[in-house]
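What's in run-v2.tsv: TSV, C-alpha atoms
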chain	number	residue	atom	x	y	z
A	1328	MET	CA	-111.64	-0.43	33.52
A	1329	LYS	CA	-109.79	-3.63	33.10
A	1330	ALA	CA	-109.99	-3.29	29.35
A	1331	GLY	CA	-108.51	0.26	29.42
A	1332	ALA	CA	-105.68	-0.84	31.67
A	1333	GLY	CA	-104.84	-3.67	29.37
A	1334	LEU	CA	-104.86	-1.39	26.41
A	1335	PHE	CA	-102.53	1.04	28.17
A	1336	SER	CA	-100.08	-1.75	29.10
A	1337	ALA	CA	-100.00	-3.00	25.54
A	1338	LEU	CA	-99.30	0.48	24.24
A	1339	ALA	CA	-96.44	0.98	26.73
A	1340	LEU	CA	-94.90	-2.37	25.78
A	1341	PHE	CA	-95.03	-1.47	22.11
A	1342	LEU	CA	-93.25	1.83	22.73
A	1343	LEU	CA	-90.55	0.12	24.83
A	1344	ILE	CA	-89.81	-2.39	22.06
A	1345	GLY	CA	-89.50	0.47	19.55
A	1346	VAL	CA	-86.98	2.27	21.69
A	1347	VAL	CA	-84.84	-0.84	22.11
A	1348	ALA	CA	-85.01	-1.51	18.38
A	1349	THR	CA	-83.81	1.98	17.52
A	1350	GLN	CA	-80.83	1.55	19.83
A	1351	ARG	CA	-79.74	-1.66	18.04
A	1352	VAL	CA	-79.90	-0.28	14.54
A	1353	ARG	CA	-76.34	0.59	13.40
A	1354	PRO	CA	-75.77	3.91	11.81
A	1355	PRO	CA	-74.93	3.76	8.12
A	1356	LYS	CA	-71.22	3.72	7.30
A	1357	LYS	CA	-69.65	6.93	6.20
A	1358	PRO	CA	-68.54	6.79	2.60
A	1359	LYS	CA	-64.76	6.54	2.14
A	1360	PRO	CA	-63.23	9.75	0.93
A	1361	THR	CA	-62.40	9.55	-2.71
A	1362	ARG	CA	-58.73	9.98	-3.62
A	1363	ARG	CA	-57.80	13.06	-5.48
A	1364	PRO	CA	-56.36	12.33	-8.84
A	1365	ALA	CA	-52.59	12.59	-8.88
A	1366	PRO	CA	-51.49	15.89	-10.33
A	1367	THR	CA	-50.11	15.58	-13.78
A	1368	ARG	CA	-46.36	16.33	-13.81
A	1369	ARG	CA	-45.29	19.12	-16.00
A	1370	PRO	CA	-42.56	18.23	-18.46
A	1371	SER	CA	-39.17	19.21	-16.99
A	1372	VAL	CA	-37.63	22.16	-18.68
A	1373	PRO	CA	-33.81	21.98	-18.73
A	1374	GLN	CA	-32.35	24.77	-16.65
A	1375	PRO	CA	-29.48	26.76	-18.14
A	1376	ALA	CA	-26.15	25.50	-16.81
A	1377	ILE	CA	-24.46	27.82	-14.34
A	1378	PRO	CA	-21.05	28.66	-15.79
A	1379	ALA	CA	-18.20	27.36	-13.65
A	1380	GLN	CA	-16.25	30.00	-11.87
A	1381	PRO	CA	-12.84	30.41	-13.52
A	1382	GLU	CA	-9.82	29.38	-11.56
A	1383	PRO	CA	-8.07	32.27	-9.83
A	1384	GLN	CA	-5.49	33.74	-12.10
A	1385	GLU	CA	-2.06	34.94	-11.08
A	1386	PRO	CA	-1.32	37.04	-9.19
A	1387	THR	CA	-4.66	36.79	-7.39
A	1388	ASP	CA	-3.80	33.32	-6.12
A	1389	TYR	CA	-0.61	34.55	-4.44
A	1390	PRO	CA	-0.46	35.59	-0.81
A	1391	PRO	CA	-0.44	39.34	-0.24
A	1392	PRO	CA	2.89	41.16	-0.34
A	1393	ILE	CA	4.62	41.60	2.97
A	1394	LEU	CA	5.52	45.18	3.76
A	1395	GLY	CA	8.70	45.91	5.62
A	1396	PRO	CA	9.06	48.19	8.63
A	1397	PRO	CA	9.48	51.94	8.16
A	1398	SER	CA	13.01	52.76	7.10
A	1399	VAL	CA	15.39	55.58	7.85
A	1400	TYR	CA	15.94	55.76	4.10
A	1401	PRO	CA	13.13	57.64	2.31
A	1402	ASP	CA	13.92	55.83	-0.96
A	1403	CYS	CA	13.52	52.34	0.55
A	1404	PRO	CA	10.53	50.52	-1.04
A	1405	ARG	CA	7.93	49.40	1.49
A	1406	GLU	CA	8.20	45.82	0.18
A	1407	CYS	CA	11.85	45.71	1.20
A	1408	THR	CA	14.09	46.38	4.16
A	1409	CYS	CA	17.07	48.72	4.21
A	1410	SER	CA	19.48	48.24	7.05
A	1411	PRO	CA	21.66	51.16	8.17
A	1412	SER	CA	24.39	48.58	8.79
A	1413	TYR	CA	24.39	47.69	5.07
A	1414	PRO	CA	23.38	50.86	3.23
A	1415	ASN	CA	24.26	49.38	-0.18
A	1416	SER	CA	21.98	46.34	0.21
A	1417	LEU	CA	18.30	46.16	-0.68
A	1418	ASN	CA	16.64	43.11	0.87
A	1419	CYS	CA	13.37	42.19	-0.82
A	1420	GLU	CA	13.50	38.40	-0.51
A	1421	ASN	CA	10.54	36.35	0.80
A	1422	ARG	CA	8.09	39.25	0.46
A	1423	ASN	CA	5.53	37.76	-1.98
A	1424	ILE	CA	6.47	40.49	-4.46
A	1425	ARG	CA	4.92	40.35	-7.94
A	1426	VAL	CA	6.68	43.35	-9.47
A	1427	ILE	CA	10.19	44.61	-8.81
A	1428	PRO	CA	10.03	47.96	-6.97
A	1429	VAL	CA	12.08	50.98	-7.96
A	1430	ILE	CA	15.67	50.29	-6.94
A	1431	PRO	CA	17.44	53.09	-5.03
A	1432	SER	CA	20.54	54.47	-6.72
A	1433	ARG	CA	22.75	53.56	-3.72
A	1434	THR	CA	22.07	49.82	-4.21
A	1435	HIS	CA	24.98	47.48	-4.93
A	1436	TYR	CA	23.45	44.22	-3.68
A	1437	LEU	CA	19.87	43.39	-4.64
A	1438	TYR	CA	18.08	40.40	-3.10
A	1439	LEU	CA	14.78	39.46	-4.77
A	1440	GLN	CA	14.79	35.69	-4.37
A	1441	ASN	CA	11.77	33.62	-3.26
A	1442	ASN	CA	9.04	35.87	-4.62
A	1443	TYR	CA	6.42	35.75	-7.40
A	1444	ILE	CA	8.08	37.98	-9.98
A	1445	SER	CA	7.10	37.01	-13.54
A	1446	GLU	CA	9.21	39.36	-15.65
A	1447	VAL	CA	12.13	41.73	-15.24
A	1448	THR	CA	11.86	45.06	-17.01
A	1449	ALA	CA	14.26	47.98	-17.20
A	1450	GLU	CA	12.06	50.59	-15.49
A	1451	PRO	CA	12.85	49.68	-11.84
A	1452	PHE	CA	16.59	49.89	-12.64
A	1453	ARG	CA	16.54	53.34	-14.22
A	1454	ASN	CA	18.64	54.88	-11.42
A	1455	ALA	CA	20.38	51.72	-10.16
A	1456	THR	CA	23.53	51.93	-12.24
A	1457	GLU	CA	25.77	50.77	-9.37
A	1458	VAL	CA	24.18	47.33	-8.91
A	1459	ARG	CA	26.81	44.59	-8.70
A	1460	TRP	CA	24.83	41.60	-7.46
A	1461	VAL	CA	21.27	40.53	-8.32
A	1462	ASN	CA	19.61	37.46	-6.86
A	1463	LEU	CA	16.36	36.54	-8.66
A	1464	ALA	CA	16.31	32.86	-7.71
A	1465	ASN	CA	13.06	30.99	-7.14
A	1466	ASN	CA	10.58	33.30	-8.82
A	1467	ARG	CA	8.26	32.82	-11.84
A	1468	ILE	CA	10.39	34.76	-14.30
A	1469	HIS	CA	9.82	33.91	-17.97
A	1470	ARG	CA	11.43	37.00	-19.50
A	1471	ILE	CA	14.30	39.38	-18.75
A	1472	ASP	CA	14.44	42.41	-21.01
A	1473	LYS	CA	17.86	43.02	-22.54
A	1474	GLN	CA	17.48	46.71	-21.64
A	1475	VAL	CA	17.80	45.72	-17.97
A	1476	PHE	CA	21.51	45.09	-18.44
A	1477	GLU	CA	22.00	48.44	-20.14
A	1478	LYS	CA	20.93	50.03	-16.86
A	1479	ILE	CA	23.33	47.94	-14.74
A	1480	PRO	CA	26.52	47.77	-16.86
A	1481	ALA	CA	28.77	46.92	-13.88
A	1482	LEU	CA	26.87	43.76	-12.87
A	1483	LEU	CA	29.13	40.97	-11.59
A	1484	TYR	CA	26.78	38.24	-10.34
A	1485	LEU	CA	23.40	37.27	-11.75
A	1486	TYR	CA	21.53	34.48	-10.00
A	1487	ALA	CA	18.32	33.50	-11.81
A	1488	GLN	CA	18.06	29.80	-11.07
A	1489	LYS	CA	14.71	28.07	-10.47
A	1490	ASN	CA	12.57	30.22	-12.76
A	1491	GLN	CA	10.70	29.69	-16.04
A	1492	LEU	CA	13.16	31.03	-18.61
A	1493	ASN	CA	13.06	29.38	-22.03
A	1494	GLU	CA	16.34	30.81	-23.29
A	1495	VAL	CA	19.51	32.44	-22.05
A	1496	PRO	CA	18.89	36.19	-21.60
A	1497	SER	CA	20.35	38.47	-24.25
A	1498	GLY	CA	22.39	41.60	-23.72
A	1499	LEU	CA	24.35	40.31	-20.73
A	1500	PRO	CA	26.96	42.87	-19.63
A	1501	ALA	CA	30.66	42.31	-20.30
A	1502	SER	CA	31.43	42.75	-16.60
A	1503	LEU	CA	29.58	39.58	-15.58
A	1504	GLU	CA	31.60	37.00	-13.62
A	1505	GLN	CA	28.97	34.49	-12.51
A	1506	LEU	CA	25.79	33.46	-14.30
A	1507	ARG	CA	23.49	30.93	-12.63
A	1508	LEU	CA	20.56	29.75	-14.77
A	1509	GLY	CA	19.99	26.27	-13.37
A	1510	ARG	CA	16.54	24.74	-12.98
A	1511	ASN	CA	14.82	26.71	-15.72
A	1512	ARG	CA	13.28	25.50	-19.01
A	1513	ILE	CA	16.05	26.66	-21.32
A	1514	THR	CA	16.06	25.06	-24.75
A	1515	LYS	CA	17.89	27.81	-26.60
A	1516	ILE	CA	21.14	29.71	-26.33
A	1517	PRO	CA	20.84	32.65	-28.75
A	1518	ALA	CA	23.79	33.21	-31.06
A	1519	GLY	CA	26.26	35.55	-29.43
A	1520	ALA	CA	24.64	35.31	-25.99
A	1521	PHE	CA	28.08	34.85	-24.40
A	1522	SER	CA	30.12	36.83	-26.91
A	1523	LYS	CA	30.95	39.71	-24.53
A	1524	LEU	CA	31.49	37.62	-21.40
A	1525	GLN	CA	35.25	37.37	-21.36
A	1526	ASN	CA	35.25	37.83	-17.57
A	1527	LEU	CA	32.76	35.05	-16.86
A	1528	THR	CA	34.24	32.41	-14.54
A	1529	LEU	CA	31.11	30.37	-13.69
A	1530	LEU	CA	28.29	29.31	-16.02
A	1531	ASP	CA	25.57	27.16	-14.48
A	1532	LEU	CA	22.99	25.69	-16.88
A	1533	TYR	CA	22.11	22.75	-14.64
A	1534	ASN	CA	18.72	21.04	-15.02
A	1535	ASN	CA	17.44	22.60	-18.23
A	1536	GLN	CA	16.38	21.08	-21.56
A	1537	LEU	CA	19.45	21.64	-23.70
A	1538	SER	CA	20.23	19.11	-26.43
A	1539	ASP	CA	23.24	18.65	-28.72
A	1540	SER	CA	21.71	20.89	-31.39
A	1541	ASP	CA	21.46	23.77	-28.92
A	1542	ILE	CA	25.22	23.86	-28.31
A	1543	GLY	CA	27.38	24.72	-31.30
A	1544	LYS	CA	31.14	24.74	-31.60
A	1545	ASN	CA	31.15	28.53	-31.11
A	1546	THR	CA	28.69	28.73	-28.22
A	1547	PHE	CA	31.37	28.93	-25.52
A	1548	LYS	CA	34.36	30.10	-27.56
A	1549	ASP	CA	34.45	33.65	-26.13
A	1550	LEU	CA	34.42	32.53	-22.49
A	1551	LYS	CA	38.16	32.91	-22.06
A	1552	SER	CA	38.05	33.06	-18.25
A	1553	LEU	CA	35.55	30.27	-17.66
A	1554	MET	CA	36.52	27.94	-14.80
A	1555	GLN	CA	33.31	26.03	-14.08
A	1556	LEU	CA	30.74	24.80	-16.62
A	1557	ASN	CA	27.73	22.94	-15.29
A	1558	LEU	CA	25.56	21.20	-17.92
A	1559	ALA	CA	24.29	18.41	-15.68
A	1560	ARG	CA	20.68	17.23	-16.02
A	1561	ASN	CA	20.11	18.17	-19.64
A	1562	THR	CA	19.51	15.92	-22.66
A	1563	LEU	CA	22.99	15.82	-24.19
A	1564	LYS	CA	24.09	12.69	-26.05
A	1565	LYS	CA	27.52	14.01	-26.96
A	1566	MET	CA	30.26	15.84	-25.11
A	1567	PRO	CA	29.70	19.61	-25.51
A	1568	ALA	CA	31.74	21.21	-28.27
A	1569	GLY	CA	33.99	24.23	-28.02
A	1570	VAL	CA	34.56	24.11	-24.26
A	1571	PRO	CA	37.33	26.63	-23.32
A	1572	ASN	CA	40.61	24.87	-22.52
A	1573	ASN	CA	41.14	26.93	-19.36
A	1574	LEU	CA	38.23	25.14	-17.70
A	1575	ILE	CA	38.82	23.62	-14.24
A	1576	GLN	CA	35.45	21.96	-13.52
A	1577	LEU	CA	33.19	20.22	-16.05
A	1578	PHE	CA	29.92	18.77	-14.75
A	1579	LEU	CA	27.87	16.58	-17.12
A	1580	ASP	CA	25.97	14.28	-14.75
A	1581	LYS	CA	22.57	12.87	-15.72
A	1582	ASN	CA	22.67	13.36	-19.47
A	1583	ARG	CA	22.58	10.65	-22.15
A	1584	ILE	CA	26.21	10.73	-23.21
A	1585	ASP	CA	27.43	7.42	-24.64
A	1586	ASP	CA	30.63	8.40	-26.43
A	1587	ILE	CA	33.74	10.49	-25.72
A	1588	PRO	CA	36.09	11.38	-28.59
A	1589	LYS	CA	39.59	10.09	-27.86
A	1590	ASP	CA	41.13	13.56	-28.16
A	1591	TYR	CA	38.36	15.41	-26.34
A	1592	PHE	CA	40.51	16.46	-23.36
A	1593	ASP	CA	43.59	17.33	-25.40
A	1594	GLY	CA	44.60	20.93	-24.88
A	1595	PHE	CA	43.02	21.36	-21.45
A	1596	THR	CA	45.64	22.95	-19.24
A	1597	HIS	CA	43.82	23.21	-15.88
A	1598	LEU	CA	41.05	20.63	-15.98
A	1599	ALA	CA	40.85	19.07	-12.49
A	1600	PHE	CA	37.26	17.89	-11.92
A	1601	VAL	CA	35.16	15.89	-14.40
A	1602	ARG	CA	31.76	14.47	-13.47
A	1603	LEU	CA	29.98	12.09	-15.85
A	1604	ASN	CA	27.81	10.16	-13.39
A	1605	TYR	CA	24.48	8.77	-14.60
A	1606	ASN	CA	25.18	8.65	-18.32
A	1607	GLN	CA	25.29	5.76	-20.81
A	1608	LEU	CA	29.03	5.24	-21.09
A	1609	SER	CA	30.33	1.79	-21.92
A	1610	ASP	CA	33.79	0.51	-22.81
A	1611	LYS	CA	32.92	0.99	-26.47
A	1612	GLY	CA	32.34	4.72	-26.01
A	1613	VAL	CA	35.29	5.39	-23.69
A	1614	PRO	CA	38.74	5.24	-25.31
A	1615	LYS	CA	41.13	3.48	-22.97
A	1616	ALA	CA	43.42	6.46	-22.28
A	1617	VAL	CA	40.97	9.33	-22.74
A	1618	PHE	CA	41.19	10.23	-19.02
A	1619	ASN	CA	44.97	10.09	-18.86
A	1620	VAL	CA	45.11	13.83	-18.19
A	1621	SER	CA	47.92	15.06	-15.96
A	1622	THR	CA	45.88	17.86	-14.35
A	1623	LEU	CA	42.88	15.67	-13.43
A	1624	LEU	CA	42.32	15.27	-9.67
A	1625	ASP	CA	38.73	14.02	-9.38
A	1626	LEU	CA	37.01	11.75	-11.92
A	1627	GLN	CA	33.43	10.57	-11.40
A	1628	LEU	CA	32.00	7.88	-13.69
A	1629	ALA	CA	29.42	6.29	-11.39
A	1630	HIS	CA	26.15	4.76	-12.66
A	1631	ASN	CA	27.29	3.98	-16.19
A	1632	GLN	CA	27.86	0.72	-18.09
A	1633	LEU	CA	31.63	0.34	-17.89
A	1634	ALA	CA	33.00	-3.20	-17.74
A	1635	SER	CA	36.61	-2.22	-17.09
A	1636	VAL	CA	38.54	0.52	-15.33
A	1637	PRO	CA	39.82	3.18	-17.77
A	1638	LEU	CA	43.44	4.24	-17.55
A	1639	PHE	CA	44.15	7.39	-15.61
A	1640	ASN	CA	47.13	9.58	-14.72
A	1641	GLY	CA	49.18	9.19	-11.56
A	1642	HIS	CA	48.06	12.63	-10.33
A	1643	LEU	CA	44.43	11.52	-9.97
A	1644	GLU	CA	43.29	11.56	-6.31
A	1645	HIS	CA	39.60	10.55	-6.37
A	1646	LEU	CA	38.02	7.96	-8.67
A	1647	HIS	CA	34.30	7.07	-8.57
A	1648	LEU	CA	33.41	3.92	-10.54
A	1649	ASN	CA	30.55	2.63	-8.42
A	1650	HIS	CA	27.47	1.06	-10.01
A	1651	ASN	CA	28.98	-0.03	-13.30
A	1652	SER	CA	29.50	-3.55	-14.71
A	1653	ILE	CA	33.12	-4.11	-13.68
A	1654	GLU	CA	33.94	-7.77	-12.94
A	1655	SER	CA	37.68	-7.57	-12.25
A	1656	ILE	CA	40.38	-5.04	-11.51
A	1657	ASN	CA	44.02	-5.47	-12.42
A	1658	GLY	CA	46.44	-3.23	-10.55
A	1659	THR	CA	49.33	-4.15	-12.84
A	1660	GLN	CA	47.47	-2.79	-15.86
A	1661	LEU	CA	46.13	0.26	-14.04
A	1662	CYS	CA	49.32	1.31	-12.31
A	1663	PRO	CA	50.85	4.39	-14.00
A	1664	TYR	CA	54.29	3.11	-13.02
A	1665	SER	CA	55.97	-0.28	-13.11
A	1666	LEU	CA	55.47	-2.19	-9.88
A	1667	HIS	CA	59.16	-3.14	-10.02
A	1668	ALA	CA	60.34	0.47	-10.09
A	1669	ASP	CA	61.86	2.10	-7.03
A	1670	LEU	CA	58.91	3.81	-5.39
A	1671	SER	CA	60.65	4.75	-2.16
A	1672	ASP	CA	60.28	8.37	-3.24
A	1673	TYR	CA	56.63	9.10	-2.38
A	1674	SER	CA	56.61	12.12	-4.67
A	1675	VAL	CA	56.48	9.80	-7.69
A	1676	VAL	CA	53.99	7.33	-6.18
A	1677	PRO	CA	50.48	7.50	-7.74
A	1678	ARG	CA	48.37	9.90	-5.72
A	1679	LEU	CA	45.06	8.01	-5.75
A	1680	ARG	CA	43.57	8.35	-2.25
A	1681	TYR	CA	39.91	7.43	-2.70
A	1682	LEU	CA	38.54	4.61	-4.87
A	1683	ARG	CA	34.88	3.65	-5.02
A	1684	LEU	CA	33.91	0.37	-6.69
A	1685	ASP	CA	30.69	-0.69	-4.94
A	1686	GLY	CA	27.72	-1.67	-7.06
A	1687	ASN	CA	29.86	-3.65	-9.52
A	1688	HIS	CA	30.47	-7.41	-9.87
A	1689	LEU	CA	33.50	-7.43	-7.61
A	1690	ASN	CA	34.14	-9.36	-4.43
A	1691	PRO	CA	36.70	-8.50	-1.75
A	1692	PRO	CA	39.55	-8.60	-1.13
A	1693	ILE	CA	41.17	-5.90	-3.22
A	1694	PRO	CA	43.96	-7.43	-5.34
A	1695	LEU	CA	47.40	-7.02	-3.79
A	1696	ASP	CA	48.84	-5.37	-6.90
A	1697	VAL	CA	46.33	-2.52	-6.47
A	1698	ILE	CA	47.49	-1.96	-2.91
A	1699	MET	CA	51.13	-2.15	-3.93
A	1700	CYS	CA	50.72	0.46	-6.65
A	1701	PHE	CA	48.40	2.98	-5.01
A	1702	ARG	CA	50.15	3.42	-1.68
A	1703	HIS	CA	48.37	6.66	-0.86
A	1704	LEU	CA	44.98	4.95	-0.83
A	1705	HIS	CA	43.12	5.88	2.35
A	1706	SER	CA	39.68	4.56	1.45
A	1707	ILE	CA	38.41	1.83	-0.88
A	1708	VAL	CA	34.69	1.10	-1.14
A	1709	ILE	CA	33.84	-2.25	-2.70
Would you mind giving the structure from this file in structure tokens?
Amino acid sequence: MKAGAGLFSALALFLLIGVVATQRVRPPKKPKPTRRPAPTRRPSVPQPAIPAQPEPQEPTDYPPPILGPPSVYPDCPRECTCSPSYPNSLNCENRNIRVIPVIPSRTHYLYLQNNYISEVTAEPFRNATEVRWVNLANNRIHRIDKQVFEKIPALLYLYAQKNQLNEVPSGLPASLEQLRLGRNRITKIPAGAFSKLQNLTLLDLYNNQLSDSDIGKNTFKDLKSLMQLNLARNTLKKMPAGVPNNLIQLFLDKNRIDDIPKDYFDGFTHLAFVRLNYNQLSDKGVPKAVFNVSTLLDLQLAHNQLASVPLFNGHLEHLHLNHNSIESINGTQLCPYSLHADLSDYSVVPRLRYLRLDGNHLNPPIPLDVIMCFRHLHSIVI
């Protein structure tokens, strides 16, 4: 009995040790997952370039036209307004118009300024034979058909400034009195462009690209009634040739003029206003008495290179000499009359009333002989 009990105890102890041993044995580590091989990159195939969208072309980049209110006139274009108070006027300005509408036959005054018109053709004017006034300013006009003027033979005023014209329009009607072509791109005046314009009083070619070769001695010869000629802001180096001697106003500011022929103003019978500001005039290019013109009232020579005051006539009233290189002024030399003469009669006293000398090399005070001579002086700027 004792032996069997001992055997049983030994067997139980053996089993207990086996259980403990199995609990202490660590489980085998799980194998680390193997990394997948990196996928091989396919060689990049260049994609076809997407063509750039073209820039919007005119007139698609313009705002839409503005339609006017319904009119009592059945012939009034929807892009315009027709007022019963002014039955002869057609108002189409500021309407974003690209094409000129058909003009009613009753129209005398046509307002088309501040639009996007690119060319003027004869078709809209087929029944508008009574038109007297056309305003085409501030558009995109690069061409005006000569047939247009055949449709409106009684035209008096043509305003086409601030456009894109490269030359003066041809076929202008003989009735024309005012022609405004400033702020274009004009480099050419066709031969005979002004040949019929004997009634023209105003010709404005301001701010174009005209040079000396574009103006011949016969360019203006037929303009017998011309009173104002504006050639400011071009590229002239010489005084324009063949200017009609009935002219009253001659504007030549902001050119490159450096010389005036001594007899240039001979023969002018009404010339009163001459503007030559912002040129390249020096004493060498200005004959001493070239401005001694009895009809001259206003002479502007500012922003040049003059070192002395040119002689002028006693009838001159306004003289602009600011921003030159003048270092001294001698009233005795400038005075059209002797300072010792009897000047109690104010009708013979020089009429100069305004004198501008600032921007030179002068210091106040004004010399006494200047004051003694020019007794009508109201304002002197120095």
For this session: Kindly indicate which residue among A:His1435, A:Asn1415, A:Asn1423, A:Leu1524 lies nearest to Leu1394 (chain A), using only C-alpha atoms for the distances.
Result: A:Asn1423
Would you list the residues near (22.7, 4.1, -15.6), meaning any protein, DNA or RNA residue with an atom at most 10 Å from that point in file coordinates, counting all atoms listed in the file, as a CSV table (one decimal) with C-alpha atoms, keeping the file's coordinate frame?
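Full text of part28.csv as output:
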chain,number,residue,atom,x,y,z
A,1581,LYS,CA,22.6,12.9,-15.7
A,1583,ARG,CA,22.6,10.6,-22.2
A,1604,ASN,CA,27.8,10.2,-13.4
A,1605,TYR,CA,24.5,8.8,-14.6
A,1606,ASN,CA,25.2,8.6,-18.3
A,1607,GLN,CA,25.3,5.8,-20.8
A,1608,LEU,CA,29.0,5.2,-21.1
A,1629,ALA,CA,29.4,6.3,-11.4
A,1630,HIS,CA,26.2,4.8,-12.7
A,1631,ASN,CA,27.3,4.0,-16.2
A,1632,GLN,CA,27.9,0.7,-18.1
A,1633,LEU,CA,31.6,0.3,-17.9
A,1650,HIS,CA,27.5,1.1,-10.0
A,1651,ASN,CA,29.0,0.0,-13.3
Exercise. Can you tell me how far CA of Phe1578 (chain A) sits from CA of Ala1559 (chain A), in Å to one decimal?
Worked result: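 The value is 5.7 Å.
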For this session: For region 1616-1625 of chain A, please output as a list in words all residues within 7 Å (counting all atoms listed in the file; exclusion window: fewer than 4 positions along the same chain).
Result: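 Residues meeting the cut-off are Lys1589, Asp1590, His1597, Leu1598, Ala1599, Phe1600, Val1601, Pro1637, Leu1638, Phe1639, Asn1640, His1642, Leu1643, Glu1644, His1645 and Leu1646 of chain A.
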Enclose region 1634-1641 of chain A, meaning all of its atoms listed in the file, in a box aligned along x, y and z, pad it by 4 Å on each side, and list the centre and edge lengths in Å to one decimal, as AutoDock Vina command-line options.
--center_x 41.1 --center_y 3.2 --center_z -14.7 --size_x 24.2 --size_y 20.8 --size_z 14.2
Exercise. What does the distance from CA of Ile1542 (chain A) to CA of Pro1571 (chain A) come to in Å, to one decimal?
Worked result: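 Going from CA of Ile1542 (chain A) over to CA of Pro1571 (chain A) covers 13.4 Å.
Interatomic distance, CA of Pro1588 (chain A) against CA of Asp1539 (chain A): 14.8 Å.
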Exercise. Quick one: of A:Asn1534, A:Asn1454, A:Asn1462, A:Ser1412, who's nearest to Asn1441 (chain A), counting all atoms listed in the file?
Worked result: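 Ranked by minimum distance to Asn1441 (chain A), first place goes to A:Asn1462.
If you measure from each of A:Arg1405, A:Pro1428, A:Leu1679, A:Asn1690 to Leu1704 (chain A) using all atoms listed in the file, the closest one turns out to be A:Leu1679.
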